[in-house]
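Content type CSV, C-alpha atoms, from the file final_16.csv:
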```csv
chain,number,residue,atom,x,y,z
A,981,MET,CA,92.4,40.7,75.4
A,982,ARG,CA,95.3,41.5,73.0
A,983,ILE,CA,98.9,41.3,74.2
A,984,SER,CA,99.0,45.1,74.3
A,985,GLU,CA,96.2,45.2,76.8
A,986,LEU,CA,97.8,42.5,78.8
A,987,ALA,CA,100.9,44.7,79.0
A,988,GLY,CA,98.8,47.7,80.0
A,989,ARG,CA,96.9,45.9,82.7
A,990,SER,CA,99.9,44.1,84.1
A,991,GLY,CA,102.2,47.1,84.1
A,992,LEU,CA,104.8,45.2,82.2
A,993,THR,CA,106.4,46.0,78.9
A,994,LEU,CA,105.6,44.1,75.7
A,995,ALA,CA,109.2,43.0,75.6
A,996,THR,CA,109.0,41.5,79.1
A,997,ILE,CA,105.8,39.6,78.3
A,998,LYS,CA,107.3,38.2,75.1
A,999,TYR,CA,110.4,37.2,77.1
A,1000,TYR,CA,108.2,35.3,79.6
A,1001,LEU,CA,106.4,33.6,76.8
A,1002,ARG,CA,109.6,32.5,75.1
A,1003,GLU,CA,111.0,31.3,78.5
A,1004,GLY,CA,107.9,29.2,79.1
A,1005,LEU,CA,106.9,31.1,82.2
A,1006,LEU,CA,103.7,32.6,80.7
A,1007,MET,CA,101.4,30.1,79.0
A,1008,SER,CA,100.6,30.9,75.3
A,1009,GLY,CA,97.5,32.9,74.5
A,1010,HIS,CA,94.5,31.5,72.5
A,1011,ARG,CA,95.6,31.7,68.9
A,1012,THR,CA,93.2,33.8,66.7
A,1013,GLY,CA,95.3,34.2,63.6
A,1014,ALA,CA,98.7,33.6,62.2
A,1015,THR,CA,100.3,36.4,64.3
A,1016,GLN,CA,97.6,37.1,66.9
A,1017,ALA,CA,96.5,35.6,70.2
A,1018,THR,CA,94.2,36.6,73.0
A,1019,TYR,CA,94.9,36.5,76.7
A,1020,GLY,CA,92.7,36.2,79.7
A,1021,GLU,CA,92.6,36.6,83.5
A,1022,ALA,CA,94.7,33.5,84.0
A,1023,HIS,CA,97.5,35.3,82.1
A,1024,LEU,CA,97.3,38.3,84.3
A,1025,ARG,CA,97.4,36.2,87.4
A,1026,ARG,CA,100.4,34.3,86.1
A,1027,LEU,CA,102.2,37.6,85.3
A,1028,ALA,CA,101.6,38.7,88.9
A,1029,LEU,CA,103.0,35.5,90.2
A,1030,ILE,CA,106.1,35.7,88.0
A,1031,ARG,CA,106.7,39.3,89.1
A,1032,VAL,CA,106.6,38.4,92.8
A,1033,LEU,CA,108.9,35.5,92.3
A,1034,ILE,CA,111.4,37.4,90.2
A,1035,ASP,CA,111.2,40.9,91.6
A,1036,VAL,CA,110.3,40.4,95.3
A,1037,ALA,CA,111.8,37.0,96.0
A,1038,GLY,CA,114.7,37.2,93.5
A,1039,LEU,CA,114.2,33.8,91.9
A,1040,PRO,CA,116.2,32.9,88.8
A,1041,VAL,CA,114.1,32.3,85.7
A,1042,ALA,CA,114.9,28.5,85.7
A,1043,ARG,CA,113.4,28.2,89.2
A,1044,VAL,CA,110.3,30.1,88.2
A,1045,ARG,CA,109.9,27.7,85.3
A,1046,THR,CA,110.0,24.7,87.7
A,1047,ILE,CA,107.2,26.3,89.7
A,1048,VAL,CA,104.9,27.2,86.7
A,1049,GLU,CA,105.5,23.7,85.3
A,1050,VAL,CA,104.1,22.3,88.5
A,1051,LEU,CA,101.1,24.7,88.2
A,1052,ASP,CA,100.4,23.8,84.6
A,1053,HIS,CA,101.1,20.0,85.0
A,1054,PRO,CA,100.4,19.1,88.6
A,1055,GLU,CA,101.7,15.9,90.1
A,1056,PRO,CA,99.1,13.2,91.0
A,1057,SER,CA,98.8,14.5,94.5
A,1058,THR,CA,98.7,18.1,95.7
A,1059,PHE,CA,101.3,17.2,98.4
A,1060,GLU,CA,103.8,16.1,95.7
A,1061,SER,CA,103.2,19.3,93.7
A,1062,LEU,CA,103.7,21.3,96.9
A,1063,GLY,CA,107.0,19.6,97.5
A,1064,LYS,CA,108.3,20.2,94.0
A,1065,ALA,CA,107.2,23.9,93.9
A,1066,ILE,CA,108.4,24.8,97.4
A,1067,GLY,CA,111.6,22.9,96.7
A,1068,ALA,CA,112.3,25.3,93.9
A,1069,LEU,CA,112.4,28.3,96.3
A,1070,PRO,CA,115.5,29.5,98.1
A,1071,PRO,CA,117.7,28.8,99.9
A,1072,TYR,CA,119.9,27.4,97.1
A,1073,GLY,CA,123.2,25.8,97.8
A,1074,VAL,CA,121.9,23.5,100.5
A,1075,GLU,CA,123.2,20.0,99.9
A,1076,ARG,CA,120.1,18.0,99.2
A,1077,GLU,CA,121.7,14.5,99.0
A,1078,GLY,CA,122.6,12.5,102.0
A,1079,GLU,CA,121.2,10.8,105.0
A,1080,HIS,CA,120.1,13.8,107.0
A,1081,PRO,CA,120.4,12.0,110.3
A,1082,ARG,CA,120.0,15.1,112.5
A,1083,ALA,CA,116.8,16.1,110.7
A,1084,HIS,CA,115.2,12.6,110.9
A,1085,ARG,CA,116.0,12.4,114.6
A,1086,ALA,CA,114.6,15.9,115.2
A,1087,LEU,CA,111.3,15.2,113.4
A,1088,ALA,CA,111.0,11.9,115.2
A,1089,LEU,CA,111.4,13.7,118.5
A,1090,LEU,CA,108.8,16.2,117.4
A,1091,ASP,CA,106.5,13.5,116.2
A,1092,GLN,CA,106.0,15.3,112.9
A,1093,ARG,CA,105.1,13.7,109.6
A,1094,TYR,CA,107.3,14.8,106.7
A,1095,GLU,CA,108.4,14.0,103.1
A,1096,PRO,CA,111.8,12.3,103.4
A,1097,ASP,CA,112.9,13.6,100.0
A,1098,SER,CA,111.9,17.2,100.6
A,1099,ALA,CA,114.3,20.2,100.3
A,1100,ALA,CA,113.0,21.3,103.7
A,1101,LEU,CA,114.5,18.2,105.3
A,1102,ALA,CA,117.9,19.0,103.8
A,1103,GLN,CA,117.5,22.6,105.1
A,1104,LEU,CA,116.8,21.4,108.6
A,1105,GLU,CA,119.8,19.1,108.5
A,1106,ALA,CA,122.1,22.0,107.3
A,1107,ALA,CA,120.7,24.2,110.1
A,1108,LEU,CA,121.3,21.6,112.8
A,1109,ALA,CA,124.8,20.8,111.4
A,1110,GLY,CA,125.6,24.5,111.4
A,1111,LEU,CA,124.7,24.8,115.0
A,1112,GLU,CA,126.9,21.8,115.9
A,1113,ALA,CA,129.8,23.1,113.8
A,1114,ALA,CA,129.5,26.4,115.7
A,1115,GLY,CA,129.8,24.5,119.0
A,1116,ARG,CA,126.2,25.4,119.8
A,1117,PRO,CA,124.2,22.2,119.3
A,1118,LEU,CA,120.5,22.7,119.7
A,1119,SER,CA,119.0,21.1,122.9
A,1120,ASP,CA,115.8,19.1,122.5
A,1121,ASP,CA,114.0,21.6,124.6
A,1122,ARG,CA,115.0,24.5,122.3
A,1123,LEU,CA,114.1,22.4,119.3
A,1124,ARG,CA,110.7,21.8,120.7
A,1125,ALA,CA,110.2,25.5,121.4
A,1126,TYR,CA,111.2,26.6,117.9
A,1127,ALA,CA,109.1,23.8,116.4
A,1128,ARG,CA,106.0,24.7,118.5
A,1129,ALA,CA,106.2,28.4,117.4
A,1130,MET,CA,106.5,27.4,113.7
A,1131,HIS,CA,103.8,24.8,113.9
A,1132,THR,CA,101.4,27.4,115.2
A,1133,VAL,CA,102.4,29.7,112.3
A,1134,ALA,CA,101.9,26.9,109.8
A,1135,GLU,CA,98.5,26.0,111.2
A,1136,ASP,CA,97.4,29.7,110.9
A,1137,GLU,CA,98.7,29.8,107.3
A,1138,ILE,CA,97.0,26.7,106.2
A,1139,ALA,CA,93.8,27.7,107.8
A,1140,ALA,CA,94.0,30.9,105.8
A,1141,LEU,CA,94.3,29.1,102.5
A,1142,ASP,CA,91.4,29.5,100.2
A,1143,ALA,CA,89.9,26.2,99.1
A,1144,GLY,CA,90.6,25.7,95.5
A,1145,SER,CA,92.2,23.4,92.9
A,1146,SER,CA,95.5,21.7,93.4
A,1147,SER,CA,97.2,24.5,91.4
A,1148,ASP,CA,95.5,27.2,93.5
A,1149,THR,CA,96.8,25.6,96.6
A,1150,VAL,CA,100.4,25.3,95.2
A,1151,GLU,CA,100.3,28.9,94.0
A,1152,GLN,CA,99.1,30.2,97.4
A,1153,ALA,CA,101.7,28.1,99.2
A,1154,VAL,CA,104.5,29.4,97.0
A,1155,LEU,CA,103.4,33.0,97.4
A,1156,GLY,CA,102.9,32.5,101.1
A,1157,THR,CA,106.3,31.1,101.6
A,1158,VAL,CA,108.3,33.7,99.6
A,1159,LEU,CA,106.3,36.5,101.2
A,1160,SER,CA,106.0,35.3,104.8
A,1161,GLU,CA,109.6,34.1,105.3
A,1162,PRO,CA,111.1,37.6,105.1
A,1163,LEU,CA,108.3,38.8,107.4
A,1164,ILE,CA,109.0,36.1,110.0
A,1165,LEU,CA,112.7,36.9,110.1
A,1166,ALA,CA,112.1,40.7,110.3
A,1167,LEU,CA,109.6,40.1,113.1
A,1168,ARG,CA,112.1,37.9,115.0
A,1169,ARG,CA,114.8,40.5,114.9
A,1170,LEU,CA,112.4,43.3,115.9
A,1171,ALA,CA,111.0,41.1,118.7
A,1172,HIS,CA,114.6,40.9,120.0
A,1173,GLN,CA,114.7,44.7,120.1
A,1174,ASP,CA,111.5,44.8,122.0
A,1175,VAL,CA,112.5,42.2,124.6
A,1176,TYR,CA,115.9,43.7,125.0
A,1177,LEU,CA,114.7,47.2,125.4
A,1178,ASN,CA,112.0,46.2,127.9
A,1179,ARG,CA,114.5,44.2,129.9
A,1180,ASP,CA,116.8,47.2,130.1
A,1181,ARG,CA,113.9,49.3,131.3
A,1182,ALA,CA,112.8,46.6,133.9
A,1183,GLY,CA,116.4,45.9,135.1
B,263,MET,CA,150.6,29.4,121.1
B,264,ARG,CA,152.4,29.9,117.8
B,265,ILE,CA,150.5,30.5,114.6
B,266,SER,CA,151.2,26.9,113.5
B,267,GLU,CA,149.5,25.6,116.6
B,268,LEU,CA,146.6,28.0,116.1
B,269,ALA,CA,146.2,26.5,112.6
B,270,GLY,CA,146.3,23.0,114.0
B,271,ARG,CA,143.7,23.6,116.7
B,272,SER,CA,141.4,25.7,114.5
B,273,GLY,CA,141.6,23.2,111.6
B,274,LEU,CA,142.4,26.1,109.2
B,275,THR,CA,145.4,26.4,107.0
B,276,LEU,CA,148.2,28.9,107.8
B,277,ALA,CA,147.4,30.7,104.6
B,278,THR,CA,143.8,31.2,105.6
B,279,ILE,CA,144.8,32.5,109.1
B,280,LYS,CA,147.2,34.9,107.5
B,281,TYR,CA,144.5,36.1,105.2
B,282,TYR,CA,142.1,36.7,108.1
B,283,LEU,CA,144.9,38.7,109.8
B,284,ARG,CA,145.6,40.8,106.7
B,285,GLU,CA,141.9,41.5,106.2
B,286,GLY,CA,141.5,42.6,109.9
B,287,LEU,CA,139.1,39.8,110.8
B,288,LEU,CA,141.5,38.2,113.3
B,289,MET,CA,143.2,40.4,115.8
B,290,SER,CA,147.0,40.4,115.8
B,291,GLY,CA,148.8,38.1,118.1
B,292,HIS,CA,151.1,39.2,121.0
B,293,ARG,CA,154.3,40.1,119.3
B,294,THR,CA,157.3,38.2,120.8
B,295,GLY,CA,160.0,39.1,118.2
B,296,ALA,CA,160.5,40.7,114.8
B,297,THR,CA,158.7,37.9,113.0
B,298,GLN,CA,156.9,36.0,115.8
B,299,ALA,CA,153.7,36.4,117.7
B,300,THR,CA,151.7,34.3,120.1
B,301,TYR,CA,148.0,33.6,120.1
B,302,GLY,CA,145.5,32.6,122.7
B,303,GLU,CA,142.0,31.3,123.2
B,304,ALA,CA,140.4,34.6,122.1
B,305,HIS,CA,142.0,34.0,118.7
B,306,LEU,CA,140.6,30.5,118.5
B,307,ARG,CA,137.2,31.7,119.4
B,308,ARG,CA,137.4,34.5,116.8
B,309,LEU,CA,138.4,32.0,114.1
B,310,ALA,CA,135.4,29.8,115.0
B,311,LEU,CA,133.1,32.9,114.6
B,312,ILE,CA,134.7,33.9,111.3
B,313,ARG,CA,134.2,30.3,110.0
B,314,VAL,CA,130.5,30.3,110.9
B,315,LEU,CA,129.9,33.7,109.3
B,316,ILE,CA,131.8,32.9,106.1
B,317,ASP,CA,131.2,29.1,105.7
B,318,VAL,CA,127.8,28.6,107.2
B,319,ALA,CA,126.1,31.9,106.8
B,320,GLY,CA,128.0,32.9,103.5
B,321,LEU,CA,128.8,36.4,104.6
B,322,PRO,CA,131.2,38.5,102.5
B,323,VAL,CA,134.5,39.4,104.2
B,324,ALA,CA,133.5,43.1,104.4
B,325,ARG,CA,130.4,42.2,106.5
B,326,VAL,CA,132.4,40.0,108.8
B,327,ARG,CA,134.8,42.9,109.3
B,328,THR,CA,131.9,45.2,110.3
B,329,ILE,CA,130.9,42.6,112.9
B,330,VAL,CA,134.4,42.0,114.4
B,331,GLU,CA,134.9,45.8,114.5
B,332,VAL,CA,131.9,46.0,116.7
B,333,LEU,CA,133.2,43.2,118.9
B,334,ASP,CA,136.6,44.8,119.2
B,335,HIS,CA,135.3,48.4,119.6
B,336,PRO,CA,131.8,48.2,121.1
B,337,GLU,CA,129.5,51.1,120.8
B,338,PRO,CA,128.6,53.0,124.1
B,339,SER,CA,125.5,50.8,124.6
B,340,THR,CA,125.1,47.1,124.0
B,341,PHE,CA,121.9,47.8,122.1
B,342,GLU,CA,123.7,50.0,119.6
B,343,SER,CA,126.4,47.4,119.2
B,344,LEU,CA,123.7,44.8,118.6
B,345,GLY,CA,122.0,47.0,115.9
B,346,LYS,CA,125.3,47.5,114.1
B,347,ALA,CA,126.3,43.9,114.1
B,348,ILE,CA,122.9,42.4,113.3
B,349,GLY,CA,122.5,45.0,110.6
B,350,ALA,CA,125.6,43.5,108.9
B,351,LEU,CA,123.9,40.2,108.4
B,352,PRO,CA,121.8,39.2,105.4
B,353,PRO,CA,119.4,39.9,103.8
B,354,TYR,CA,121.4,42.3,101.6
B,355,GLY,CA,119.7,44.4,98.9
B,356,VAL,CA,116.9,45.6,101.2
B,357,GLU,CA,116.5,49.4,100.7
B,358,ARG,CA,117.3,50.8,104.1
B,359,GLU,CA,116.5,54.5,103.5
B,360,GLY,CA,113.0,55.7,103.5
B,361,GLU,CA,110.1,56.4,105.8
B,362,HIS,CA,109.0,52.8,106.4
B,363,PRO,CA,105.4,53.7,107.0
B,364,ARG,CA,104.1,50.2,107.0
B,365,ALA,CA,106.7,49.0,109.5
B,366,HIS,CA,106.1,51.9,111.9
B,367,ARG,CA,102.4,51.3,111.8
B,368,ALA,CA,102.7,47.6,112.3
B,369,LEU,CA,105.0,48.0,115.4
B,370,ALA,CA,102.7,50.7,116.8
B,371,LEU,CA,99.8,48.2,116.5
B,372,LEU,CA,101.9,45.5,118.1
B,373,ASP,CA,103.0,47.9,120.8
B,374,GLN,CA,106.6,46.9,120.4
B,375,ARG,CA,109.6,49.1,121.1
B,376,TYR,CA,112.2,49.3,118.3
B,377,GLU,CA,115.2,51.1,116.9
B,378,PRO,CA,113.9,53.3,114.1
B,379,ASP,CA,117.2,53.2,112.2
B,380,SER,CA,117.5,49.4,112.3
B,381,ALA,CA,118.0,47.2,109.3
B,382,ALA,CA,115.2,45.0,110.7
B,383,LEU,CA,112.7,47.9,110.3
B,384,ALA,CA,113.6,48.2,106.6
B,385,GLN,CA,113.2,44.4,106.3
B,386,LEU,CA,109.8,44.5,107.8
B,387,GLU,CA,108.8,47.4,105.5
B,388,ALA,CA,110.0,45.4,102.5
B,389,ALA,CA,108.1,42.3,103.6
B,390,LEU,CA,104.9,44.2,104.1
B,391,ALA,CA,105.3,46.1,100.8
B,392,GLY,CA,105.9,42.7,99.1
B,393,LEU,CA,102.7,41.3,100.4
B,394,GLU,CA,100.8,44.4,99.2
B,395,ALA,CA,102.5,44.3,95.8
B,396,ALA,CA,101.4,40.6,95.5
B,397,GLY,CA,97.8,41.6,96.2
B,398,ARG,CA,97.9,39.9,99.6
B,399,PRO,CA,98.2,42.6,102.2
B,400,LEU,CA,98.7,41.3,105.7
B,401,SER,CA,95.6,41.7,108.0
B,402,ASP,CA,96.2,43.0,111.5
B,403,ASP,CA,95.1,39.7,112.9
B,404,ARG,CA,97.6,37.8,110.9
B,405,LEU,CA,100.3,40.3,111.7
B,406,ARG,CA,99.6,39.8,115.4
B,407,ALA,CA,99.7,36.0,115.0
B,408,TYR,CA,103.1,36.1,113.3
B,409,ALA,CA,104.4,38.7,115.8
B,410,ARG,CA,103.2,36.6,118.8
B,411,ALA,CA,105.1,33.5,117.5
B,412,MET,CA,108.3,35.4,116.9
B,413,HIS,CA,108.1,37.3,120.2
B,414,THR,CA,107.9,33.9,122.0
B,415,VAL,CA,111.0,32.8,120.0
B,416,ALA,CA,112.9,35.9,120.9
B,417,GLU,CA,112.0,35.7,124.6
B,418,ASP,CA,113.3,32.1,124.6
B,419,GLU,CA,116.5,33.1,122.8
B,420,ILE,CA,117.3,36.0,125.0
B,421,ALA,CA,116.6,33.9,128.1
B,422,ALA,CA,119.2,31.4,126.8
B,423,LEU,CA,121.9,34.1,126.4
B,424,ASP,CA,124.8,33.6,128.8
B,425,ALA,CA,125.5,36.7,130.9
B,426,GLY,CA,128.7,38.3,129.8
B,427,SER,CA,130.3,41.4,128.5
B,428,SER,CA,128.8,43.5,125.8
B,429,SER,CA,131.0,41.8,123.2
B,430,ASP,CA,129.9,38.4,124.4
B,431,THR,CA,126.3,39.4,124.0
B,432,VAL,CA,126.8,40.7,120.5
B,433,GLU,CA,128.7,37.6,119.5
B,434,GLN,CA,126.0,35.3,120.8
B,435,ALA,CA,123.3,37.4,119.1
B,436,VAL,CA,125.1,37.3,115.8
B,437,LEU,CA,125.7,33.6,116.0
B,438,GLY,CA,122.1,33.0,117.3
B,439,THR,CA,120.7,34.9,114.3
B,440,VAL,CA,122.7,33.4,111.5
B,441,LEU,CA,122.2,29.9,112.9
B,442,SER,CA,118.5,30.1,114.1
B,443,GLU,CA,117.1,31.8,111.0
B,444,PRO,CA,117.7,28.9,108.6
B,445,LEU,CA,116.4,26.6,111.4
B,446,ILE,CA,113.2,28.6,111.8
B,447,LEU,CA,112.5,28.6,108.1
B,448,ALA,CA,113.1,24.9,107.7
B,449,LEU,CA,110.8,24.2,110.7
B,450,ARG,CA,108.1,26.3,109.2
B,451,ARG,CA,108.2,24.4,105.9
B,452,LEU,CA,108.3,21.1,107.7
B,453,ALA,CA,105.4,22.1,110.0
B,454,HIS,CA,103.4,22.8,106.8
B,455,GLN,CA,104.1,19.2,105.7
B,456,ASP,CA,102.9,17.9,109.1
B,457,VAL,CA,99.8,20.0,109.2
B,458,TYR,CA,99.0,19.1,105.6
B,459,LEU,CA,99.6,15.4,106.0
B,460,ASN,CA,97.5,15.2,109.2
B,461,ARG,CA,94.7,17.2,107.6
B,462,ASP,CA,94.7,14.7,104.7
B,463,ARG,CA,94.6,11.8,107.2
B,464,ALA,CA,91.8,13.5,109.2
B,465,GLY,CA,89.8,14.5,106.1
```
Could I get this structure in the form of structure tokens?
Amino acid sequence: MRISELAGRSGLTLATIKYYLREGLLMSGHRTGATQATYGEAHLRRLALIRVLIDVAGLPVARVRTIVEVLDHPEPSTFESLGKAIGALPPYGVEREGEHPRAHRALALLDQRYEPDSAALAQLEAALAGLEAAGRPLSDDRLRAYARAMHTVAEDEIAALDAGSSSDTVEQAVLGTVLSEPLILALRRLAHQDVYLNRDRAG
Amino acid sequence: MRISELAGRSGLTLATIKYYLREGLLMSGHRTGATQATYGEAHLRRLALIRVLIDVAGLPVARVRTIVEVLDHPEPSTFESLGKAIGALPPYGVEREGEHPRAHRALALLDQRYEPDSAALAQLEAALAGLEAAGRPLSDDRLRAYARAMHTVAEDEIAALDAGSSSDTVEQAVLGTVLSEPLILALRRLAHQDVYLNRDRAG
């Protein structure tokens, strides 16, 4: 299809699509002349991904670029690609360097395998350090309870992944993360309301 | 204690403490003269709360003020106070007005009680709408699975609350939310790594 049809079908303006092309977020079309190119379903799908990352998840363009670069040039292993792409998602501002002693200890206790250089490890360290700084260090029992709940969630999510190429897996994992994280947090807060209101009724 | 001792024990500078006093985040001391006041344990505890909210959770001062106002002037019911204080926490930028049809339907399906005006309801609506917009609407089964996991988490968290005044409960819930949400998200991402690496090993 021509770029005008790509705009029509994606619901984006021509200017936006050209901006994504210039920024390297959308791959080039198949060149059919000096000033013409054609686009296909892969472009539509990429535009949908970009919109979710920018409009729904609020990612800066540079982070979207990191993710699409992983999709277009996957690392040797899917696991590495996943780490790089998921690591480009929020939260930003978490200190990634360092020893992360609390996180290593926690994951040893939980007997979980992990990538020592992952952004998620730094996130866990920051979360545990925050609890300590607030005078509310997490007990091993509570850590186990949280981890058990999230392990179940992760198992469900991975079971729901469609089989596909490495890029497909990464794209699904990125979308799954940016879309399910707000869902999980909303459901936690609403579950609090339910537990609290039912306790009041029972008490 | 004098304000200088309050600074020493809290680890904050005098300038920071005076700023918190001016901004209405820290309650005034007990006035002992034209230019002197004394402070107690409640002030130390408040400073610890303010630091977590600003330094760890990154709240803007105006949101911290909303929370401390709830603590100092609780609503008639603890549940209302909780809603107001938790509603002052991130995420910001979620549209709170509207009908929230997806969220109402989801909570009816889950048979959960909830506060229809709560910020969490708007968060759930935004999360479900985001999934739809990305062409990945959440099935009822997956909704139930997420909700079950977060209900277990909420039950554990509420069971761990110390009994106390309404303000104590609100303070614990606010701290619990800002500190446990990053923990939950980090553990979800790390659980993915564990499931993924073990699947690779098994496969």
Contacts of chain A with chain B up to 6 Å, shortest pair per row, only C-alpha atoms, as CSV:
```
residue,atom,partner,partner_atom,distance
A:Gln1092,CA,B:Asp456,CA,5.6
A:Arg1093,CA,B:Asp456,CA,4.8
A:Tyr1094,CA,B:Gln455,CA,5.5
A:Ala1100,CA,B:Ala448,CA,5.4
A:Gln1103,CA,B:Ala448,CA,5.6
A:Leu1104,CA,B:Ala448,CA,5.2
A:Ala1107,CA,B:Leu445,CA,5.1
A:Ala1127,CA,B:Leu449,CA,6.0
A:Ala1129,CA,B:Ala411,CA,5.2
A:Met1130,CA,B:Arg450,CA,4.9
A:His1131,CA,B:Ala453,CA,5.0
A:Ala1134,CA,B:His454,CA,5.3
A:Pro1162,CA,B:Ala389,CA,5.8
A:Leu1163,CA,B:Ala389,CA,5.2
A:Ala1166,CA,B:Leu386,CA,5.1
A:Arg1168,CA,B:Met412,CA,4.9
A:Ala1171,CA,B:His413,CA,5.0
A:His1172,CA,B:Ala416,CA,5.4
A:Gln1173,CA,B:Tyr376,CA,5.5
A:Asp1174,CA,B:Arg375,CA,4.8
```
For the interface of range 1006-1067 of chain A with range 989-1000 of chain A (cut-off 8 Å, counting all atoms listed in the file), please tabulate each contacting residue of range 1006-1067 of chain A alongside its nearest pair of atoms and their separation in Å to one decimal, rows sorted by chain and increasing number, as CSV.
```
residue,atom,partner,partner_atom,distance
A:Leu1006,CA,A:Tyr1000,CA,5.4
A:Leu1024,CA,A:Ser990,CA,6.4
A:Leu1027,CA,A:Ser990,CA,7.0
A:Ala1028,CA,A:Ser990,CA,7.4
```
Self-check item: Who sits within 7 Å of range 1068-1070 of chain A, all atoms listed in the file, same chain under 4 positions skipped, as a ChimeraX atom specification
Solution: /A:1043,1046-1047,1064
Would you save the residues from that selection as a JSON list (two decimals), in the coordinates of the input, using C-alpha atoms?
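Output (part29.json):
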```json
[["chain", "number", "residue", "atom", "x", "y", "z"],
["A", 1043, "ARG", "CA", 113.40, 28.20, 89.20],
["A", 1046, "THR", "CA", 110.00, 24.70, 87.70],
["A", 1047, "ILE", "CA", 107.20, 26.30, 89.70],
["A", 1064, "LYS", "CA", 108.30, 20.20, 94.00]]
```
Exercise. Would you mind reading off the distance between CA of Thr294 in chain B and CA of His335 in chain B, one decimal, in Å?
Key: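 Rounded to one decimal, the two atoms are 24.3 Å apart.
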Quiz item: Looking at all atoms listed in the file, which of A:Gly1020, A:Gly1073, A:Gly1004, A:Gly1078 is the one that sits closest to Arg982 in chain A?
Solution: A:Gly1020
Quiz item: Hey, what's within 8 Å of Asp1052 in chain A if we count only C-alpha atoms and toss same-chain stuff fewer than 3 positions away? As a list in words, please?
Solution: Val1048, Glu1049 and Ser1147 of chain A
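Between CA of Thr1018 in chain A and CA of Arg1045 in chain A the interatomic distance comes to 21.8 Å.
Interatomic distance, CA of His1010 in chain A to CA of Gly1038 in chain A: 29.7 Å.
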